[in-house]
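Chemist: Contents of target25.cif (mmCIF, C-alpha atoms) are given next:
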```
data_model
#
loop_
_atom_site.label_atom_id
_atom_site.label_comp_id
_atom_site.auth_asym_id
_atom_site.auth_seq_id
_atom_site.Cartn_x
_atom_site.Cartn_y
_atom_site.Cartn_z
CA MET A 1328 54.46 42.48 -41.40
CA SER A 1329 51.17 44.17 -42.30
CA LYS A 1330 50.91 47.52 -44.08
CA ASN A 1331 50.37 49.24 -40.71
CA SER A 1332 53.53 47.66 -39.30
CA PHE A 1333 56.60 49.71 -38.61
CA VAL A 1334 59.96 49.42 -36.89
CA ILE A 1335 61.31 51.85 -34.30
CA ALA A 1336 64.90 52.08 -33.11
CA VAL A 1337 65.31 53.61 -29.65
CA TYR A 1338 68.76 54.47 -28.29
CA VAL A 1339 68.67 54.52 -24.51
CA GLU A 1340 71.13 54.81 -21.66
CA ASN A 1341 72.34 51.35 -20.70
CA LYS A 1342 70.85 51.48 -17.19
CA TYR A 1343 68.60 49.44 -14.95
CA GLY A 1344 64.85 49.96 -15.49
CA VAL A 1345 65.02 51.75 -18.86
CA LEU A 1346 63.49 48.88 -20.82
CA THR A 1347 60.57 48.73 -18.40
CA ARG A 1348 59.89 52.47 -18.83
CA VAL A 1349 60.00 52.20 -22.63
CA THR A 1350 57.75 49.13 -22.89
CA SER A 1351 55.30 50.57 -20.35
CA MET A 1352 54.79 53.49 -22.73
CA PHE A 1353 53.50 51.07 -25.38
CA THR A 1354 51.18 49.36 -22.91
CA ARG A 1355 49.68 52.67 -21.73
CA ARG A 1356 49.05 53.76 -25.34
CA GLY A 1357 47.45 50.43 -26.36
CA PHE A 1358 50.14 49.42 -28.86
CA ASN A 1359 50.88 45.74 -29.31
CA ILE A 1360 54.58 45.02 -29.70
CA ASP A 1361 55.12 42.36 -32.38
CA THR A 1362 58.87 41.89 -31.74
CA LEU A 1363 61.37 43.45 -29.36
CA THR A 1364 65.14 43.08 -29.35
CA VAL A 1365 67.62 44.83 -27.08
CA GLY A 1366 71.37 44.91 -27.09
CA GLU A 1367 74.39 47.02 -26.26
CA THR A 1368 75.54 49.35 -29.06
CA GLU A 1369 78.97 50.32 -30.32
CA ASP A 1370 79.09 52.55 -27.21
CA PRO A 1371 78.70 50.42 -24.03
CA ASN A 1372 76.91 53.33 -22.32
CA TYR A 1373 73.93 52.86 -24.65
CA SER A 1374 71.59 50.08 -25.69
CA ARG A 1375 69.46 49.94 -28.80
CA ILE A 1376 65.89 48.73 -28.53
CA THR A 1377 64.43 47.64 -31.86
CA ILE A 1378 60.65 47.33 -31.78
CA SER A 1379 58.30 46.21 -34.54
CA LEU A 1380 54.64 46.94 -34.03
CA SER A 1381 51.34 47.51 -35.78
CA ASN A 1382 48.98 50.43 -35.38
CA GLU A 1383 47.42 53.30 -37.26
CA LYS A 1384 49.78 55.94 -38.62
CA THR A 1385 47.91 58.70 -36.76
CA ASP A 1386 48.97 57.18 -33.43
CA ARG A 1387 52.57 56.73 -34.58
CA ALA A 1388 53.64 60.38 -34.31
CA GLN A 1389 52.20 60.70 -30.80
CA LEU A 1390 54.01 57.54 -29.70
CA ILE A 1391 57.34 58.77 -31.09
CA ASN A 1392 56.94 62.13 -29.34
CA GLN A 1393 56.12 60.43 -26.03
CA LEU A 1394 59.13 58.12 -26.34
CA LYS A 1395 61.43 61.08 -26.98
CA LYS A 1396 60.28 62.66 -23.70
CA LEU A 1397 61.20 59.61 -21.60
CA TYR A 1398 64.11 59.96 -19.24
CA ASN A 1399 67.16 57.95 -20.42
CA VAL A 1400 66.06 57.99 -24.09
CA LYS A 1401 68.73 59.54 -26.29
CA LYS A 1402 67.19 59.11 -29.76
CA VAL A 1403 64.10 57.60 -31.40
CA GLU A 1404 63.77 56.88 -35.08
CA VAL A 1405 61.25 55.12 -37.29
CA ILE A 1406 63.23 52.90 -39.64
CA SER A 1407 62.18 53.57 -43.21
CA PRO A 1408 61.15 50.26 -44.86
CA ASP A 1409 62.84 51.11 -48.16
CA MET A 1410 66.10 52.13 -46.44
CA ALA A 1411 66.27 49.30 -43.91
CA ILE A 1412 68.26 46.13 -43.59
CA LYS A 1413 66.11 43.85 -41.40
CA ARG A 1414 66.95 40.40 -40.13
CA GLU A 1415 65.78 37.81 -37.64
CA LEU A 1416 67.57 34.85 -36.12
CA MET A 1417 65.77 31.63 -35.31
CA LEU A 1418 66.84 28.39 -33.68
CA ILE A 1419 64.57 25.47 -34.48
CA LYS A 1420 64.69 21.87 -33.27
CA VAL A 1421 63.03 19.25 -35.47
CA LYS A 1422 62.57 15.51 -35.21
CA ASN A 1423 65.28 13.57 -36.97
CA SER A 1424 65.09 10.03 -38.34
CA PRO A 1425 66.99 8.09 -40.99
CA ASP A 1426 63.98 8.52 -43.31
CA THR A 1427 63.89 12.35 -43.05
CA ARG A 1428 67.53 13.25 -42.42
CA ALA A 1429 68.54 13.90 -46.05
CA GLU A 1430 65.40 15.92 -46.79
CA ILE A 1431 65.94 18.11 -43.70
CA ARG A 1432 69.54 18.72 -44.79
CA ASP A 1433 68.45 19.56 -48.35
CA THR A 1434 65.79 21.98 -47.11
CA ALA A 1435 68.30 23.59 -44.75
CA SER A 1436 70.71 24.02 -47.65
CA VAL A 1437 68.08 25.73 -49.83
CA PHE A 1438 67.32 28.21 -47.03
CA ARG A 1439 71.01 28.56 -46.06
CA ALA A 1440 70.24 27.31 -42.58
CA LYS A 1441 73.02 25.80 -40.53
CA ILE A 1442 72.83 22.57 -38.54
CA ILE A 1443 74.18 23.43 -35.09
CA ASP A 1444 73.27 20.32 -33.10
CA TYR A 1445 72.59 16.78 -34.17
CA SER A 1446 71.43 13.59 -32.53
CA ALA A 1447 69.75 10.42 -33.72
CA ASP A 1448 66.33 11.81 -32.74
CA ALA A 1449 66.62 15.57 -33.22
CA MET A 1450 68.37 18.22 -35.24
CA CYS A 1451 68.78 21.88 -34.25
CA LEU A 1452 69.16 24.44 -37.02
CA GLU A 1453 70.02 28.13 -37.11
CA ILE A 1454 68.64 30.45 -39.76
CA THR A 1455 68.82 34.19 -40.35
CA GLY A 1456 66.91 36.33 -42.80
CA ASP A 1457 63.87 38.48 -43.23
CA THR A 1458 60.57 37.56 -41.61
CA ASN A 1459 59.13 35.99 -44.79
CA LYS A 1460 62.15 33.68 -45.16
CA ILE A 1461 61.90 32.57 -41.52
CA ASP A 1462 58.16 31.94 -41.88
CA ALA A 1463 58.71 29.92 -45.07
CA PHE A 1464 61.40 27.84 -43.37
CA ILE A 1465 59.03 27.06 -40.49
CA ASP A 1466 56.37 25.94 -42.98
CA ASN A 1467 58.91 23.61 -44.61
CA MET A 1468 59.97 22.16 -41.25
CA LYS A 1469 56.43 21.43 -39.98
CA PRO A 1470 56.08 18.10 -41.81
CA PHE A 1471 59.21 16.78 -40.04
CA GLY A 1472 57.85 17.68 -36.60
CA ILE A 1473 58.96 20.84 -34.87
CA ILE A 1474 60.01 20.08 -31.29
CA GLU A 1475 60.64 23.69 -30.32
CA MET A 1476 61.81 26.98 -31.75
CA CYS A 1477 62.92 30.41 -30.65
CA ARG A 1478 63.01 33.64 -32.70
CA THR A 1479 64.90 36.81 -31.84
CA GLY A 1480 62.58 39.32 -33.41
CA ILE A 1481 63.67 41.94 -35.91
CA VAL A 1482 66.96 43.77 -35.77
CA ALA A 1483 67.34 46.60 -38.27
CA LEU A 1484 69.80 49.20 -39.48
CA GLU A 1485 69.39 51.90 -42.07
CA ARG A 1486 71.52 51.60 -45.18
CA GLY A 1487 74.42 53.98 -45.69
CA PRO A 1488 77.48 55.20 -43.81
CA GLU A 1489 75.84 57.13 -40.95
CA SER A 1490 74.93 55.82 -37.55
CA MET A 1491 71.59 56.72 -36.04
CA LEU A 1492 73.32 58.67 -33.29
CA SER A 1493 75.30 60.79 -35.76
CA LYS A 1494 72.16 62.12 -37.51
#
```
Here is a file; write its structure as structure tokens.

Modeler:
Amino acid sequence: MSKNSFVIAVYVENKYGVLTRVTSMFTRRGFNIDTLTVGETEDPNYSRITISLSNEKTDRAQLINQLKKLYNVKKVEVISPDMAIKRELMLIKVKNSPDTRAEIRDTASVFRAKIIDYSADAMCLEITGDTNKIDAFIDNMKPFGIIEMCRTGIVALERGPESMLSK
């Protein structure tokens, strides 16, 4: 993430059309969403949208205020980089051969990736970690031949005992 990157957590009512309203706000304001993850929270009535994006800090406050005004939005918070636990999940399928098999396994072990599917011609691995770790793993898998991959985007929580909704 660049120095102008930031992560926003948006708690919304778990209802049809809410995600469209939230993402449309970014489009109208000219923000480019780098990653977006959505999932139900500890309360099934609410979903948490975690968005990482890049833009100038001067636009950030206006965006937050506009998000807070949206119908169905309960809470919006910028996740402080120094107080955040951030992770991504990636599934990656690489070419597998007798010549490369041991090296792929060794590399997976170094990165604490898990082999989740295996065939004579391909291996599928799962890895979690921060963005830099995921990027480094991809770089190490390129020489073997990446068949396909899928990343979740960032999920983030602030450190400490409080939930975002209790603040």

Chemist: Evaluate the PyMOL selection byres ((chain A and resi 1472-1483) around 8) against this structure - the residues, as a list in words, please.

Modeler: Ala1336, Thr1362, Leu1363, Thr1364, Thr1377, Ile1378, Ser1379, Ile1406, Ala1411, Ile1412, Lys1413, Arg1414, Glu1415, Leu1416, Met1417, Leu1418, Ile1419, Lys1420, Val1421, Lys1422, Thr1458, Met1468, Lys1469, Pro1470, Phe1471, Leu1484 and Glu1485 of chain A

Chemist: To one decimal place, how far is CA of Phe1333 in chain A from CA of Pro1371 in chain A in Å?

Modeler: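 So the answer is 26.5 Å.
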
Chemist: Evaluated on this file, the PyMOL selection byres ((chain A and resi 1427) around 12) picks out some residues - which ones are they, written as a list in words?

Modeler: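 Taken over the shown coordinates, the PyMOL selection byres ((chain A and resi 1427) around 12) returns Val1421, Lys1422, Asn1423, Ser1424, Pro1425, Asp1426, Arg1428, Ala1429, Glu1430, Ile1431, Arg1432, Asp1433, Thr1434, Ala1447, Asp1448, Ala1449, Met1450, Met1468, Pro1470, Phe1471 and Gly1472 of chain A.
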
Chemist: Given all atoms listed in the file as the basis, pick out the residue of A:Val1403, A:Ile1443, A:Arg1355, A:Lys1395 nearest to Val1337 in chain A.

Modeler: A:Val1403

Chemist: Do you have the CA of Glu1369 in chain A-CA of Tyr1338 in chain A distance handy?

Modeler: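 Computing it gives 11.2 Å between the two atoms.
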
Chemist: For the structure shown, which residues end up in the PyMOL selection byres ((chain A and resi 1356) around 12)? Put them as an mmCIF file with C-alpha atoms, in the coordinates of the input, please?

Modeler:
```cif
data_model
loop_
_atom_site.group_PDB
_atom_site.id
_atom_site.type_symbol
_atom_site.label_atom_id
_atom_site.label_comp_id
_atom_site.auth_asym_id
_atom_site.auth_seq_id
_atom_site.Cartn_x
_atom_site.Cartn_y
_atom_site.Cartn_z
ATOM 1 C CA VAL A 1349 60.000 52.200 -22.630
ATOM 2 C CA THR A 1350 57.750 49.130 -22.890
ATOM 3 C CA SER A 1351 55.300 50.570 -20.350
ATOM 4 C CA MET A 1352 54.790 53.490 -22.730
ATOM 5 C CA PHE A 1353 53.500 51.070 -25.380
ATOM 6 C CA THR A 1354 51.180 49.360 -22.910
ATOM 7 C CA ARG A 1355 49.680 52.670 -21.730
ATOM 8 C CA GLY A 1357 47.450 50.430 -26.360
ATOM 9 C CA PHE A 1358 50.140 49.420 -28.860
ATOM 10 C CA ASN A 1359 50.880 45.740 -29.310
ATOM 11 C CA ILE A 1360 54.580 45.020 -29.700
ATOM 12 C CA ASN A 1382 48.980 50.430 -35.380
ATOM 13 C CA ASP A 1386 48.970 57.180 -33.430
ATOM 14 C CA ARG A 1387 52.570 56.730 -34.580
ATOM 15 C CA GLN A 1389 52.200 60.700 -30.800
ATOM 16 C CA LEU A 1390 54.010 57.540 -29.700
ATOM 17 C CA ILE A 1391 57.340 58.770 -31.090
ATOM 18 C CA GLN A 1393 56.120 60.430 -26.030
ATOM 19 C CA LEU A 1394 59.130 58.120 -26.340
#
```

Chemist: Measuring between only C-alpha atoms, which one of A:Val1437, A:Ile1442, A:Pro1488, A:Asn1392 shows the shortest distance to Phe1464 in chain A?

Modeler: A:Val1437

Chemist: Record the distance separating CA of Pro1408 in chain A and CA of Gly1487 in chain A, expressed in Å with one decimal.

Modeler: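 Going from CA of Pro1408 in chain A over to CA of Gly1487 in chain A covers 13.8 Å.
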
Chemist: For Gly1456 in chain A, which residue among A:Val1405, A:Ala1440, A:Ile1376, A:Val1400 is the nearest when counting all atoms listed in the file?

Modeler: A:Ala1440

Chemist: Using only C-alpha atoms, which of A:Ser1446, A:Ser1436, A:Asn1399, A:Asn1341 sits nearest Val1365 in chain A?

Modeler: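 Looking at the shortest contact to Val1365 in chain A, the residue is A:Asn1341.
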
Chemist: What are the centre and edge lengths in Å, to one decimal, of the axis-aligned box around all listed atoms of range 1357-1362 of chain A with 8 Å added on each side, as AutoDock Vina command-line options?

Modeler:
```
--center_x 53.2 --center_y 46.2 --center_z -29.4 --size_x 27.4 --size_y 24.5 --size_z 22.0
```

Chemist: Taking the structure in the block just given, could you write range 1343-1386 of chain A with C-alpha atoms, as a short mmCIF file (atom, residue, chain, number, x, y, z; two decimals), in the first residue's frame?

Modeler:
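Final output, part.cif:
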```
data_model
loop_
_atom_site.label_atom_id
_atom_site.label_comp_id
_atom_site.auth_asym_id
_atom_site.auth_seq_id
_atom_site.Cartn_x
_atom_site.Cartn_y
_atom_site.Cartn_z
CA TYR A 1343 -30.21 -5.92 -0.20
CA GLY A 1344 -28.66 -3.03 -2.16
CA VAL A 1345 -26.51 -1.57 0.64
CA LEU A 1346 -23.21 -2.58 -0.95
CA THR A 1347 -24.22 -0.93 -4.21
CA ARG A 1348 -25.04 2.34 -2.43
CA VAL A 1349 -21.72 2.34 -0.57
CA THR A 1350 -19.55 1.53 -3.61
CA SER A 1351 -21.44 4.05 -5.76
CA MET A 1352 -20.33 6.74 -3.31
CA PHE A 1353 -16.70 5.96 -4.14
CA THR A 1354 -17.37 6.03 -7.88
CA ARG A 1355 -19.12 9.42 -7.69
CA ARG A 1356 -16.22 10.90 -5.69
CA GLY A 1357 -13.53 9.52 -8.05
CA PHE A 1358 -11.93 7.17 -5.52
CA ASN A 1359 -10.39 3.96 -6.78
CA ILE A 1360 -11.05 1.01 -4.49
CA ASP A 1361 -7.93 -1.15 -4.21
CA THR A 1362 -9.58 -4.01 -2.27
CA LEU A 1363 -13.07 -4.66 -0.96
CA THR A 1364 -14.24 -7.41 1.36
CA VAL A 1365 -17.70 -7.89 2.81
CA GLY A 1366 -19.02 -10.30 5.38
CA GLU A 1367 -21.57 -10.76 8.12
CA THR A 1368 -20.45 -9.57 11.57
CA GLU A 1369 -20.92 -11.02 15.04
CA ASP A 1370 -24.48 -9.64 14.75
CA PRO A 1371 -26.26 -11.20 11.71
CA ASN A 1372 -28.23 -7.96 11.22
CA TYR A 1373 -25.02 -6.19 10.15
CA SER A 1374 -22.26 -6.66 7.60
CA ARG A 1375 -18.81 -5.15 7.69
CA ILE A 1376 -17.36 -3.72 4.50
CA THR A 1377 -13.58 -3.35 4.62
CA ILE A 1378 -12.23 -1.10 1.88
CA SER A 1379 -8.63 -0.21 1.11
CA LEU A 1380 -8.08 2.71 -1.22
CA SER A 1381 -5.67 5.43 -2.23
CA ASN A 1382 -6.31 9.14 -2.44
CA GLU A 1383 -5.26 12.46 -0.98
CA LYS A 1384 -5.90 12.98 2.73
CA THR A 1385 -7.91 16.15 2.02
CA ASP A 1386 -10.55 14.08 0.21
#
```
